[in-house]
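Listing of input08.tsv; format and content: TSV, C-alpha atoms and all ligand atoms.
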```tsv
chain	number	residue	atom	x	y	z
A	1	MET	CA	10.91	7.36	23.31
A	2	VAL	CA	10.30	10.32	25.55
A	3	ASP	CA	7.40	9.93	27.91
A	4	PHE	CA	5.11	12.91	27.43
A	5	SER	CA	2.62	11.77	30.01
A	6	ASN	CA	4.72	13.22	32.82
A	7	GLY	CA	3.20	16.61	33.39
A	8	ASP	CA	5.60	19.52	33.27
A	9	GLY	CA	2.92	22.06	33.85
A	10	ALA	CA	2.16	22.39	30.16
A	11	GLY	CA	-1.43	21.85	29.06
A	12	PRO	CA	-2.46	19.07	26.70
A	13	ARG	CA	-2.23	21.44	23.75
A	14	ALA	CA	1.38	22.31	24.46
A	15	GLN	CA	2.19	18.66	25.03
A	16	GLN	CA	0.64	17.75	21.75
A	17	PHE	CA	2.68	20.43	20.05
A	18	SER	CA	5.95	19.38	21.65
A	19	ARG	CA	5.25	15.77	20.80
A	20	ARG	CA	4.66	16.64	17.17
A	21	LYS	CA	7.80	18.73	17.14
A	22	PHE	CA	9.73	15.88	18.72
A	23	ILE	CA	8.61	13.40	16.09
A	24	ALA	CA	9.38	15.80	13.25
A	25	GLY	CA	12.74	16.67	14.67
A	26	THR	CA	14.06	13.22	15.46
A	27	SER	CA	12.89	10.96	12.67
A	28	CYS	CA	14.00	11.48	9.11
A	29	PHE	CA	10.56	10.15	8.21
A	30	GLY	CA	8.88	12.61	10.57
A	31	ALA	CA	5.76	13.50	8.64
A	32	PHE	CA	5.41	10.06	7.22
A	33	TYR	CA	5.71	8.52	10.64
A	34	ALA	CA	3.04	10.84	11.96
A	35	VAL	CA	0.68	9.64	9.21
A	36	ALA	CA	1.65	5.99	9.66
A	37	GLN	CA	1.12	6.09	13.41
A	38	THR	CA	-2.57	6.64	12.85
A	39	ILE	CA	-2.90	3.31	11.02
A	40	PRO	CA	-3.03	0.38	13.44
A	41	LEU	CA	-3.13	-3.19	12.17
A	42	PRO	CA	-6.25	-5.17	13.07
A	43	MET	CA	-5.90	-8.65	14.59
A	44	LEU	CA	-6.02	-11.67	12.34
A	45	ALA	CA	-9.70	-12.27	11.51
A	46	GLU	CA	-11.50	-14.94	13.49
A	47	THR	CA	-12.51	-16.55	10.22
A	48	LEU	CA	-8.82	-17.36	9.66
A	49	ALA	CA	-8.45	-18.93	13.11
A	50	ASP	CA	-9.37	-22.39	11.81
A	51	ASP	CA	-7.64	-22.04	8.46
A	52	SER	CA	-5.07	-24.84	8.60
A	53	ARG	CA	-2.80	-22.93	6.18
A	54	VAL	CA	-2.40	-19.98	8.52
A	55	SER	CA	-0.11	-20.29	11.52
A	56	GLN	CA	-1.69	-18.52	14.49
A	57	THR	CA	1.71	-17.49	15.84
A	58	PRO	CA	4.09	-15.42	13.75
A	59	ILE	CA	7.65	-16.68	13.20
A	60	VAL	CA	8.90	-13.26	14.13
A	61	ASP	CA	7.21	-10.07	15.28
A	62	LYS	CA	9.24	-6.87	15.24
A	63	GLY	CA	6.31	-4.58	15.88
A	64	PHE	CA	6.69	-2.73	12.57
A	65	ALA	CA	6.06	-6.07	10.84
A	66	SER	CA	5.53	-9.74	11.57
A	67	VAL	CA	6.09	-12.78	9.40
A	68	ARG	CA	3.58	-15.63	9.43
A	69	LYS	CA	3.39	-18.99	7.66
A	70	ILE	CA	0.32	-19.01	5.42
A	71	GLY	CA	0.85	-22.19	3.43
A	72	ASN	CA	3.28	-24.86	2.41
A	73	GLY	CA	6.45	-22.86	1.80
A	74	LEU	CA	4.43	-19.62	1.84
A	75	TYR	CA	4.99	-16.72	4.21
A	76	ALA	CA	3.40	-13.30	4.61
A	77	THR	CA	5.17	-10.23	5.95
A	78	ILE	CA	2.47	-8.00	7.44
A	79	SER	CA	3.30	-4.44	8.42
A	80	ASP	CA	1.86	-2.53	11.33
A	81	PRO	CA	2.65	1.12	10.48
A	82	SER	CA	1.45	2.25	13.92
A	83	LYS	CA	4.45	0.50	15.43
A	84	GLY	CA	7.21	1.60	13.09
A	85	ASN	CA	8.12	2.63	9.57
A	86	THR	CA	10.73	0.08	8.51
A	87	THR	CA	8.51	-1.79	6.06
A	88	ILE	CA	5.13	0.05	5.79
A	89	CYS	CA	3.79	-2.22	3.03
A	90	ASN	CA	3.17	-5.95	3.25
A	91	GLY	CA	5.29	-8.54	1.46
A	92	GLY	CA	6.20	-12.16	1.87
A	93	PHE	CA	8.29	-14.97	0.47
A	94	LEU	CA	7.96	-18.39	-1.09
A	95	VAL	CA	10.33	-21.23	-0.31
A	96	GLY	CA	10.61	-24.32	-2.49
A	97	LYS	CA	13.10	-27.19	-2.43
A	98	ASP	CA	15.42	-25.52	-4.95
A	99	ALA	CA	14.88	-21.80	-4.58
A	100	ALA	CA	13.17	-18.98	-2.74
A	101	PHE	CA	11.38	-15.90	-4.07
A	102	LEU	CA	10.81	-12.65	-2.19
A	103	LEU	CA	8.17	-9.97	-2.53
A	104	GLU	CA	8.64	-6.21	-2.21
A	105	GLY	CA	11.50	-3.79	-1.68
A	106	PHE	CA	9.52	-2.10	1.12
A	107	ILE	CA	9.99	1.54	2.12
A	108	SER	CA	13.56	1.05	3.37
A	109	ALA	CA	16.55	-1.20	2.76
A	110	ALA	CA	16.26	-2.19	6.42
A	111	GLY	CA	12.78	-3.51	5.66
A	112	ALA	CA	14.00	-5.67	2.77
A	113	SER	CA	16.89	-6.83	4.96
A	114	PHE	CA	14.51	-7.81	7.77
A	115	GLN	CA	12.52	-10.01	5.40
A	116	MET	CA	15.65	-11.63	3.94
A	117	ASP	CA	16.99	-12.32	7.47
A	118	THR	CA	13.70	-14.00	8.36
A	119	LEU	CA	13.86	-16.14	5.22
A	120	ARG	CA	17.39	-17.19	6.19
A	121	THR	CA	16.22	-18.45	9.59
A	122	LEU	CA	14.09	-20.97	7.64
A	123	SER	CA	15.99	-21.81	4.48
A	124	GLN	CA	19.37	-21.38	2.81
A	125	ALA	CA	17.87	-21.96	-0.65
A	126	PRO	CA	19.26	-19.63	-3.32
A	127	VAL	CA	17.02	-16.63	-3.98
A	128	LYS	CA	15.68	-16.71	-7.51
A	129	GLY	CA	14.56	-13.12	-7.32
A	130	ALA	CA	12.60	-10.45	-5.52
A	131	LEU	CA	9.54	-8.76	-6.99
A	132	ASP	CA	8.34	-5.19	-6.57
A	133	THR	CA	4.58	-5.71	-7.02
A	134	HIS	CA	4.53	-2.15	-8.40
A	135	TYR	CA	6.74	0.92	-8.50
A	136	HIS	CA	5.33	2.95	-5.56
A	137	PHE	CA	7.87	4.23	-3.05
A	138	ASP	CA	6.61	2.24	-0.08
A	139	HIS	CA	7.27	-0.93	-2.10
A	140	SER	CA	10.53	0.07	-3.79
A	141	MET	CA	12.66	2.51	-1.75
A	142	GLY	CA	14.40	-0.45	-0.06
A	143	ASN	CA	15.41	-1.98	-3.41
A	144	ALA	CA	19.07	-1.07	-2.84
A	145	PHE	CA	19.26	-3.96	-0.37
A	146	TYR	CA	18.72	-6.41	-3.22
A	147	GLY	CA	21.35	-4.69	-5.34
A	148	ALA	CA	23.90	-4.91	-2.54
A	149	ASN	CA	23.13	-8.60	-2.07
A	150	GLY	CA	23.11	-9.68	-5.69
A	151	VAL	CA	19.42	-10.53	-5.70
A	152	GLN	CA	17.78	-10.11	-9.09
A	153	LEU	CA	14.94	-7.62	-8.83
A	154	TRP	CA	11.83	-8.28	-10.86
A	155	ALA	CA	9.06	-5.81	-11.70
A	156	HIS	CA	6.62	-4.71	-14.38
A	157	ALA	CA	8.57	-3.42	-17.40
A	158	ALA	CA	7.37	0.14	-16.73
A	159	ALA	CA	8.34	0.17	-13.02
A	160	ALA	CA	11.98	1.33	-13.38
A	161	LYS	CA	10.97	4.30	-15.51
A	162	ARG	CA	8.18	5.27	-13.13
A	163	ILE	CA	10.56	5.13	-10.14
A	164	VAL	CA	13.04	7.39	-11.93
A	165	GLU	CA	10.37	9.83	-13.08
A	166	ASN	CA	8.61	10.09	-9.75
A	167	TYR	CA	11.26	9.82	-7.04
A	168	THR	CA	14.68	10.90	-8.29
A	169	PRO	CA	13.51	14.48	-9.02
A	170	LEU	CA	12.76	14.82	-5.29
A	171	GLN	CA	16.33	13.95	-4.33
A	172	GLY	CA	18.29	17.06	-3.45
A	173	ALA	CA	15.33	19.20	-4.50
A	174	ASP	CA	14.49	22.40	-2.70
A	175	LYS	CA	12.00	21.36	-0.05
A	176	ALA	CA	10.12	24.67	-0.03
A	177	ALA	CA	9.70	24.53	-3.80
A	178	ALA	CA	8.62	20.88	-3.76
A	179	LEU	CA	6.07	21.34	-1.00
A	180	GLY	CA	5.04	24.92	-1.85
A	181	PRO	CA	2.04	24.05	-4.01
A	182	PHE	CA	0.68	21.74	-1.29
A	183	GLU	CA	1.18	24.40	1.40
A	184	LYS	CA	-0.59	26.88	-0.83
A	185	ARG	CA	-3.59	24.56	-1.09
A	186	VAL	CA	-3.85	24.48	2.71
A	187	LYS	CA	-3.72	28.29	2.83
A	188	ASP	CA	-6.21	28.78	-0.02
A	189	ALA	CA	-8.72	26.18	1.17
A	190	LYS	CA	-12.32	27.44	0.92
A	191	SER	CA	-13.78	25.26	3.70
A	192	ASP	CA	-12.72	23.34	6.79
A	193	SER	CA	-13.01	20.00	5.05
A	194	GLU	CA	-11.02	21.26	2.05
A	195	ARG	CA	-8.35	22.51	4.46
A	196	ALA	CA	-8.22	19.20	6.33
A	197	HIS	CA	-7.93	17.32	3.04
A	198	ALA	CA	-5.16	19.63	1.82
A	199	GLN	CA	-3.32	19.21	5.13
A	200	SER	CA	-3.49	15.40	4.86
A	201	ASP	CA	-2.04	15.63	1.35
A	202	LEU	CA	0.73	17.96	2.54
A	203	ASN	CA	1.63	15.47	5.29
A	204	ALA	CA	1.77	12.60	2.81
A	205	VAL	CA	3.87	14.52	0.28
A	206	THR	CA	6.22	15.73	3.02
A	207	GLY	CA	6.69	12.09	4.01
A	208	LEU	CA	7.35	11.08	0.43
A	209	PHE	CA	9.89	13.90	0.09
A	210	GLN	CA	11.69	12.74	3.22
A	211	VAL	CA	11.70	9.08	2.24
A	212	ALA	CA	12.96	9.81	-1.29
A	213	ASN	CA	15.80	11.91	0.12
A	214	ALA	CA	16.72	9.25	2.70
A	215	SER	CA	16.84	6.43	0.13
A	216	VAL	CA	19.32	5.23	-2.46
A	217	VAL	CA	17.07	4.60	-5.43
A	218	ALA	CA	17.70	1.21	-7.01
A	219	LEU	CA	15.92	-0.07	-10.08
A	220	PRO	CA	14.55	-3.49	-11.00
A	221	ASN	CA	16.94	-5.31	-13.36
A	222	ARG	CA	14.50	-7.98	-14.50
A	223	PRO	CA	11.73	-6.11	-16.34
A	224	ILE	CA	8.66	-8.24	-16.99
A	225	ASP	CA	6.64	-7.56	-20.10
A	226	PRO	CA	2.98	-7.80	-19.02
A	227	ALA	CA	2.10	-9.08	-22.50
A	228	LYS	CA	4.13	-12.20	-21.72
A	229	LEU	CA	2.17	-13.05	-18.59
A	230	PRO	CA	1.08	-15.25	-16.92
A	231	MET	CA	4.55	-16.56	-16.09
A	232	THR	CA	5.09	-19.62	-13.93
A	233	ILE	CA	8.06	-19.75	-11.59
A	234	ASP	CA	9.19	-23.14	-10.36
A	235	LEU	CA	10.89	-23.13	-6.97
A	236	GLY	CA	11.08	-26.92	-6.64
A	237	GLY	CA	7.86	-28.59	-5.53
A	238	LEU	CA	6.27	-25.17	-5.38
A	239	SER	CA	5.01	-23.25	-8.39
A	240	ALA	CA	3.82	-19.68	-8.43
A	241	VAL	CA	2.26	-17.67	-11.23
A	242	ILE	CA	2.92	-13.99	-11.86
A	243	GLU	CA	0.01	-12.10	-13.38
A	244	SER	CA	-0.69	-8.45	-14.10
A	245	TYR	CA	-3.98	-6.61	-13.60
A	246	PRO	CA	-5.06	-3.01	-14.10
A	247	GLY	CA	-6.13	-0.76	-11.27
A	248	HIS	CA	-3.77	0.78	-8.78
A	249	SER	CA	-0.61	1.97	-10.53
A	250	GLY	CA	-0.32	0.78	-14.12
A	251	THR	CA	2.52	-1.52	-13.01
A	252	ASP	CA	0.63	-3.96	-10.78
A	253	MET	CA	1.69	-7.60	-10.52
A	254	VAL	CA	0.24	-10.35	-8.35
A	255	VAL	CA	1.77	-13.66	-7.34
A	256	ARG	CA	-0.65	-16.59	-7.23
A	257	VAL	CA	-0.08	-20.03	-5.85
A	258	PRO	CA	-3.05	-21.83	-7.44
A	259	GLU	CA	-2.41	-25.21	-5.80
A	260	GLN	CA	-2.85	-23.65	-2.37
A	261	ASN	CA	-5.33	-20.88	-3.25
A	262	VAL	CA	-3.01	-18.14	-2.02
A	263	VAL	CA	-2.62	-14.77	-3.74
A	264	TYR	CA	-0.18	-11.97	-2.97
A	265	THR	CA	-2.06	-9.02	-4.44
A	266	GLY	CA	0.23	-6.04	-3.93
A	267	ASP	CA	-1.81	-2.84	-3.70
A	268	LEU	CA	-4.63	-4.16	-5.86
A	269	LEU	CA	-6.05	-4.99	-2.44
A	270	PHE	CA	-6.06	-2.62	0.51
A	271	ASN	CA	-7.73	-4.62	3.26
A	272	GLY	CA	-9.75	-2.40	5.57
A	273	TRP	CA	-8.32	0.81	4.08
A	274	TYR	CA	-9.62	3.33	1.61
A	275	PRO	CA	-7.84	2.40	-1.64
A	276	VAL	CA	-5.03	4.65	-2.83
A	277	CYS	CA	-6.16	5.86	-6.27
A	278	PHE	CA	-4.00	8.92	-7.03
A	279	ASP	CA	-1.71	7.35	-9.60
A	280	GLU	CA	-1.97	8.85	-13.08
A	281	LYS	CA	-2.28	5.27	-14.37
A	282	ALA	CA	-4.83	4.21	-11.77
A	283	THR	CA	-8.16	3.29	-13.30
A	284	ILE	CA	-11.25	2.99	-11.15
A	285	SER	CA	-13.29	0.96	-13.63
A	286	GLY	CA	-10.24	-1.21	-14.36
A	287	TRP	CA	-9.60	-1.76	-10.67
A	288	ARG	CA	-13.24	-2.68	-10.00
A	289	GLU	CA	-13.07	-5.20	-12.86
A	290	THR	CA	-9.90	-6.66	-11.35
A	291	LEU	CA	-11.61	-7.01	-7.96
A	292	LYS	CA	-14.53	-8.73	-9.65
A	293	LYS	CA	-12.03	-11.27	-11.01
A	294	PHE	CA	-10.50	-11.75	-7.56
A	295	ALA	CA	-14.01	-12.32	-6.20
A	296	ALA	CA	-14.40	-15.15	-8.73
A	297	PHE	CA	-11.26	-16.91	-7.42
A	298	ASP	CA	-11.87	-19.96	-5.23
A	299	LYS	CA	-13.99	-19.22	-2.15
A	300	ASP	CA	-11.13	-20.45	0.06
A	301	THR	CA	-8.61	-18.06	-1.44
A	302	LEU	CA	-6.27	-16.46	1.05
A	303	PHE	CA	-5.22	-12.94	0.10
A	304	VAL	CA	-2.08	-11.14	1.24
A	305	PRO	CA	-3.00	-7.50	0.56
A	306	GLY	CA	-0.52	-4.69	-0.10
A	307	HIS	CA	-1.68	-3.03	3.12
A	308	GLY	CA	-3.80	-4.31	5.99
A	309	GLN	CA	-4.31	-7.75	7.48
A	310	ILE	CA	-4.36	-11.11	5.63
A	311	CYS	CA	-7.91	-11.98	4.59
A	312	GLY	CA	-10.19	-14.28	2.70
A	313	GLN	CA	-12.83	-13.34	0.14
A	314	GLU	CA	-14.47	-11.07	2.74
A	315	GLY	CA	-11.61	-8.61	2.18
A	316	ILE	CA	-12.44	-8.46	-1.53
A	317	THR	CA	-16.13	-8.00	-0.76
A	318	SER	CA	-15.28	-5.16	1.59
A	319	ILE	CA	-13.05	-3.14	-0.78
A	320	ARG	CA	-15.65	-3.63	-3.53
A	321	GLU	CA	-18.25	-2.14	-1.18
A	322	VAL	CA	-15.95	0.84	-0.57
A	323	PHE	CA	-15.63	1.42	-4.31
A	324	ASP	CA	-19.40	0.98	-4.72
A	325	ASP	CA	-20.04	3.58	-2.04
A	326	ILE	CA	-17.61	6.10	-3.53
A	327	ALA	CA	-19.14	5.54	-6.99
A	328	GLU	CA	-22.71	5.85	-5.66
A	329	GLN	CA	-22.04	9.13	-3.87
A	330	ALA	CA	-20.06	10.46	-6.84
A	331	GLU	CA	-22.80	9.49	-9.28
A	332	LYS	CA	-25.44	11.35	-7.27
A	333	MET	CA	-23.28	14.47	-7.26
A	334	HIS	CA	-22.50	14.08	-10.95
A	335	LYS	CA	-26.20	13.84	-11.78
A	336	ALA	CA	-26.94	16.86	-9.58
A	337	GLY	CA	-24.40	18.87	-11.55
A	338	VAL	CA	-21.81	19.23	-8.75
A	339	PRO	CA	-18.49	19.93	-10.45
A	340	ALA	CA	-15.69	17.39	-9.93
A	341	GLU	CA	-13.46	19.85	-8.05
A	342	GLU	CA	-16.18	20.26	-5.46
A	343	ALA	CA	-17.47	16.68	-5.49
A	344	GLN	CA	-14.06	15.28	-4.59
A	345	HIS	CA	-14.31	17.01	-1.19
A	346	ARG	CA	-17.98	16.26	-0.50
A	347	TYR	CA	-17.82	12.49	-0.08
A	348	VAL	CA	-19.07	11.44	3.35
A	349	VAL	CA	-17.42	8.43	5.02
A	350	PRO	CA	-20.29	6.15	6.07
A	351	ASP	CA	-20.35	4.63	9.57
A	352	LYS	CA	-19.55	1.25	8.10
A	353	PHE	CA	-16.12	2.43	6.93
A	354	LYS	CA	-15.35	4.95	9.66
A	355	ASN	CA	-12.41	2.89	10.94
A	356	PHE	CA	-10.87	2.52	7.49
A	357	PRO	CA	-7.65	4.53	7.34
A	358	ILE	CA	-7.50	7.28	4.73
A	359	PHE	CA	-3.79	7.63	3.89
A	360	ALA	CA	-4.48	11.14	2.60
A	361	TRP	CA	-7.68	12.46	1.06
A	362	GLY	CA	-6.04	13.55	-2.18
A	363	PHE	CA	-4.42	10.13	-2.62
A	364	THR	CA	-7.57	8.10	-2.02
A	365	ILE	CA	-11.15	9.39	-2.12
A	366	GLY	CA	-10.48	12.66	-3.98
A	367	PRO	CA	-8.88	11.13	-7.07
A	368	ALA	CA	-11.31	8.18	-7.05
A	369	ILE	CA	-14.12	10.72	-7.54
A	370	THR	CA	-12.36	12.89	-10.14
A	371	LYS	CA	-11.36	9.78	-12.09
A	372	LEU	CA	-14.93	8.48	-12.02
A	373	TYR	CA	-16.15	11.86	-13.29
A	374	ALA	CA	-13.56	11.73	-16.08
A	375	GLU	CA	-14.72	8.22	-17.03
A	376	TRP	CA	-18.35	9.32	-17.13
A	377	GLN	CA	-17.46	12.34	-19.24
A	378	GLY	CA	-15.57	10.09	-21.61
A	379	LYS	CA	-12.26	11.82	-20.98
A	401	ZN	ZN	0.89	1.50	-4.11
```

Before we go any further, please render this structure as structure tokens.
Amino acid sequence: MVDFSNGDGAGPRAQQFSRRKFIAGTSCFGAFYAVAQTIPLPMLAETLADDSRVSQTPIVDKGFASVRKIGNGLYATISDPSKGNTTICNGGFLVGKDAAFLLEGFISAAGASFQMDTLRTLSQAPVKGALDTHYHFDHSMGNAFYGANGVQLWAHAAAAKRIVENYTPLQGADKAAALGPFEKRVKDAKSDSERAHAQSDLNAVTGLFQVANASVVALPNRPIDPAKLPMTIDLGGLSAVIESYPGHSGTDMVVRVPEQNVVYTGDLLFNGWYPVCFDEKATISGWRETLKKFAAFDKDTLFVPGHGQICGQEGITSIREVFDDIAEQAEKMHKAGVPAEEAQHRYVVPDKFKNFPIFAWGFTIGPAITKLYAEWQGK
């Protein structure tokens, strides 16, 4: 990295500009990286310090992600987007006597490769499969790694179609045309907050455009019909259960290890983040119901969220409070007759959640409010 702290006579403003330009010009994930850099990973919670399942020292820490033992044959890959963009989402793997099972395709093939390499430092067991917990790009753009290595790729039956519909049209597309509508929203914004929200959306979509164009899209080849769940997978002395719940993407799967009270939630849990709600199949009431079910799991349940640090039930309590707060503020505005288009920009982040990253306004808070309005209006 270039050290920008060495003064060259330019003021802080110019330095900031050149730094931004540098990032955009040198990384193919420029805009995405700029967003990701603002999302540091908190330390492991003190409450998990005496949890005998959780190893206090990671097996490996690459900055962009670390891998930690969280149970008997259970490992969590936890990303720190502020330190790199190889993985971005969390994942993990399960290792039994007879087989291993991996979670997530991550945002890049290098991310999936990193996790597989880590598994191989611990076990040579054949890999039964890898699971995309849902179709979103930060969990699936590295899928090609599994294809190249003959690893069967599991996902919700609708995931392959959603990947094709959402990401392949961006490949080779005209960038100006793809981003034009988002740039227009920045230009046409009627207030400072609307402009800031539109800019955060433009940054996110620019990142998505760049990632889609830098990736070889590869599709899951083991579609799982949600109607046939729960499904138990036996890895030899270690059993896991795949379940599906509504909420984040319409393709969400979780992996539970009931004997050890460990759950890999995918993006049904964002720990210490504002939840990403933009998906056309996201359902706020459905998601809140799902979280209520998670809250009823054993009090010692250990959760590996899709983003953020490993947590216990306090992580579920916290995201439920975030949803409650969004719903409360939205309901007040709804009752006061504030139209949805306006209400989605008026939410005020309370002090309590001021350190919670907002990936982009129009991917998190904005659509949570418009979807709640739609539910209340019976749409
Ligand atoms: Zn997601």

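For the choices A:Tyr135, A:Tyr274, A:Trp287, A:Phe353, the atom-to-atom distance to ligand ZN 401 (chain A) is smallest for A:Tyr135 when using only C-alpha atoms and all ligand atoms.
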
May I have a table of the residues of chain A lying at most 12 Å from ligand ZN 401 (chain A), giving each one's closest pair of atoms and their distance in Å to one decimal, counting all atoms listed in the file, ordered by chain and ascending residue number, as a Markdown table?
```
| residue | atom | partner | partner_atom | distance |
| --- | --- | --- | --- | --- |
| A:Ile88 | CA | A:ZN401 | ZN | 10.9 |
| A:Cys89 | CA | A:ZN401 | ZN | 8.6 |
| A:Asn90 | CA | A:ZN401 | ZN | 10.7 |
| A:Glu104 | CA | A:ZN401 | ZN | 11.1 |
| A:Phe106 | CA | A:ZN401 | ZN | 10.7 |
| A:Ile107 | CA | A:ZN401 | ZN | 11.0 |
| A:Asp132 | CA | A:ZN401 | ZN | 10.3 |
| A:Thr133 | CA | A:ZN401 | ZN | 8.6 |
| A:His134 | CA | A:ZN401 | ZN | 6.7 |
| A:Tyr135 | CA | A:ZN401 | ZN | 7.3 |
| A:His136 | CA | A:ZN401 | ZN | 4.9 |
| A:Phe137 | CA | A:ZN401 | ZN | 7.6 |
| A:Asp138 | CA | A:ZN401 | ZN | 7.0 |
| A:His139 | CA | A:ZN401 | ZN | 7.1 |
| A:Ser140 | CA | A:ZN401 | ZN | 9.8 |
| A:Ala159 | CA | A:ZN401 | ZN | 11.7 |
| A:Ile163 | CA | A:ZN401 | ZN | 12.0 |
| A:Gly247 | CA | A:ZN401 | ZN | 10.3 |
| A:His248 | CA | A:ZN401 | ZN | 6.6 |
| A:Ser249 | CA | A:ZN401 | ZN | 6.6 |
| A:Gly250 | CA | A:ZN401 | ZN | 10.1 |
| A:Thr251 | CA | A:ZN401 | ZN | 9.5 |
| A:Asp252 | CA | A:ZN401 | ZN | 8.6 |
| A:Met253 | CA | A:ZN401 | ZN | 11.2 |
| A:Thr265 | CA | A:ZN401 | ZN | 10.9 |
| A:Gly266 | CA | A:ZN401 | ZN | 7.6 |
| A:Asp267 | CA | A:ZN401 | ZN | 5.1 |
| A:Leu268 | CA | A:ZN401 | ZN | 8.1 |
| A:Leu269 | CA | A:ZN401 | ZN | 9.6 |
| A:Phe270 | CA | A:ZN401 | ZN | 9.3 |
| A:Pro275 | CA | A:ZN401 | ZN | 9.1 |
| A:Val276 | CA | A:ZN401 | ZN | 6.8 |
| A:Cys277 | CA | A:ZN401 | ZN | 8.6 |
| A:Phe278 | CA | A:ZN401 | ZN | 9.4 |
| A:Asp279 | CA | A:ZN401 | ZN | 8.4 |
| A:Glu280 | CA | A:ZN401 | ZN | 11.9 |
| A:Lys281 | CA | A:ZN401 | ZN | 11.4 |
| A:Ala282 | CA | A:ZN401 | ZN | 9.9 |
| A:Pro305 | CA | A:ZN401 | ZN | 10.9 |
| A:Gly306 | CA | A:ZN401 | ZN | 7.5 |
| A:His307 | CA | A:ZN401 | ZN | 8.9 |
| A:Phe359 | CA | A:ZN401 | ZN | 11.1 |
| A:Phe363 | CA | A:ZN401 | ZN | 10.2 |
| A:Thr364 | CA | A:ZN401 | ZN | 10.9 |
```

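Among the candidate residues A:Gln152, A:Asn166, A:Asn261, A:Asn143, the one lying nearest to A:Phe101 is A:Gln152, with distances computed using all atoms listed in the file.
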
Would you kindly return, as an mmCIF file with C-alpha atoms, keeping the file's coordinate frame, each protein, DNA or RNA residue with an atom no farther than 10 Å from any atom of A:Tyr167, considering all atoms listed in the file and excluding same-chain residues fewer than 2 positions away?
```cif
data_model
loop_
_atom_site.group_PDB
_atom_site.id
_atom_site.type_symbol
_atom_site.label_atom_id
_atom_site.label_comp_id
_atom_site.auth_asym_id
_atom_site.auth_seq_id
_atom_site.Cartn_x
_atom_site.Cartn_y
_atom_site.Cartn_z
ATOM 1 C CA HIS A 136 5.330 2.950 -5.560
ATOM 2 C CA PHE A 137 7.870 4.230 -3.050
ATOM 3 C CA MET A 141 12.660 2.510 -1.750
ATOM 4 C CA ARG A 162 8.180 5.270 -13.130
ATOM 5 C CA ILE A 163 10.560 5.130 -10.140
ATOM 6 C CA VAL A 164 13.040 7.390 -11.930
ATOM 7 C CA GLU A 165 10.370 9.830 -13.080
ATOM 8 C CA PRO A 169 13.510 14.480 -9.020
ATOM 9 C CA LEU A 170 12.760 14.820 -5.290
ATOM 10 C CA GLN A 171 16.330 13.950 -4.330
ATOM 11 C CA LEU A 208 7.350 11.080 0.430
ATOM 12 C CA PHE A 209 9.890 13.900 0.090
ATOM 13 C CA VAL A 211 11.700 9.080 2.240
ATOM 14 C CA ALA A 212 12.960 9.810 -1.290
ATOM 15 C CA ASN A 213 15.800 11.910 0.120
ATOM 16 C CA SER A 215 16.840 6.430 0.130
ATOM 17 C CA VAL A 217 17.070 4.600 -5.430
#
```

Which protein, DNA or RNA residues are at most 8 Å from (13.0, -21.1, -2.7) in the file's coordinates when you count only C-alpha atoms, listed as a short mmCIF file (atom, residue, chain, number, x, y, z; two decimals) with C-alpha atoms, in the frame of the given file?
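Generated file (point04.cif):
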```cif
data_model
loop_
_atom_site.label_atom_id
_atom_site.label_comp_id
_atom_site.auth_asym_id
_atom_site.auth_seq_id
_atom_site.Cartn_x
_atom_site.Cartn_y
_atom_site.Cartn_z
CA LEU A 94 7.96 -18.39 -1.09
CA VAL A 95 10.33 -21.23 -0.31
CA GLY A 96 10.61 -24.32 -2.49
CA LYS A 97 13.10 -27.19 -2.43
CA ASP A 98 15.42 -25.52 -4.95
CA ALA A 99 14.88 -21.80 -4.58
CA ALA A 100 13.17 -18.98 -2.74
CA PHE A 101 11.38 -15.90 -4.07
CA SER A 123 15.99 -21.81 4.48
CA ALA A 125 17.87 -21.96 -0.65
CA PRO A 126 19.26 -19.63 -3.32
CA VAL A 127 17.02 -16.63 -3.98
CA LYS A 128 15.68 -16.71 -7.51
CA LEU A 235 10.89 -23.13 -6.97
CA GLY A 236 11.08 -26.92 -6.64
#
```

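Atom CA of A:Phe303 lies 15.4 Å from atom CA of A:Gly73.
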
Between A:Ala155, A:Val263, A:Ala109, A:Ala368, single out the one closest to A:Tyr347, counting all atoms listed in the file.
-> A:Ala368

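If only C-alpha atoms are the atoms counted, then among A:Thr38, A:Ser108, A:Gln260, A:Gln115 the closest residue to A:Pro81 is A:Thr38.
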
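Here the question is which of A:Arg222, A:Ala374, A:Tyr264, A:Tyr146 gets nearest to A:Gly92 using only C-alpha atoms, and that residue is A:Tyr264.
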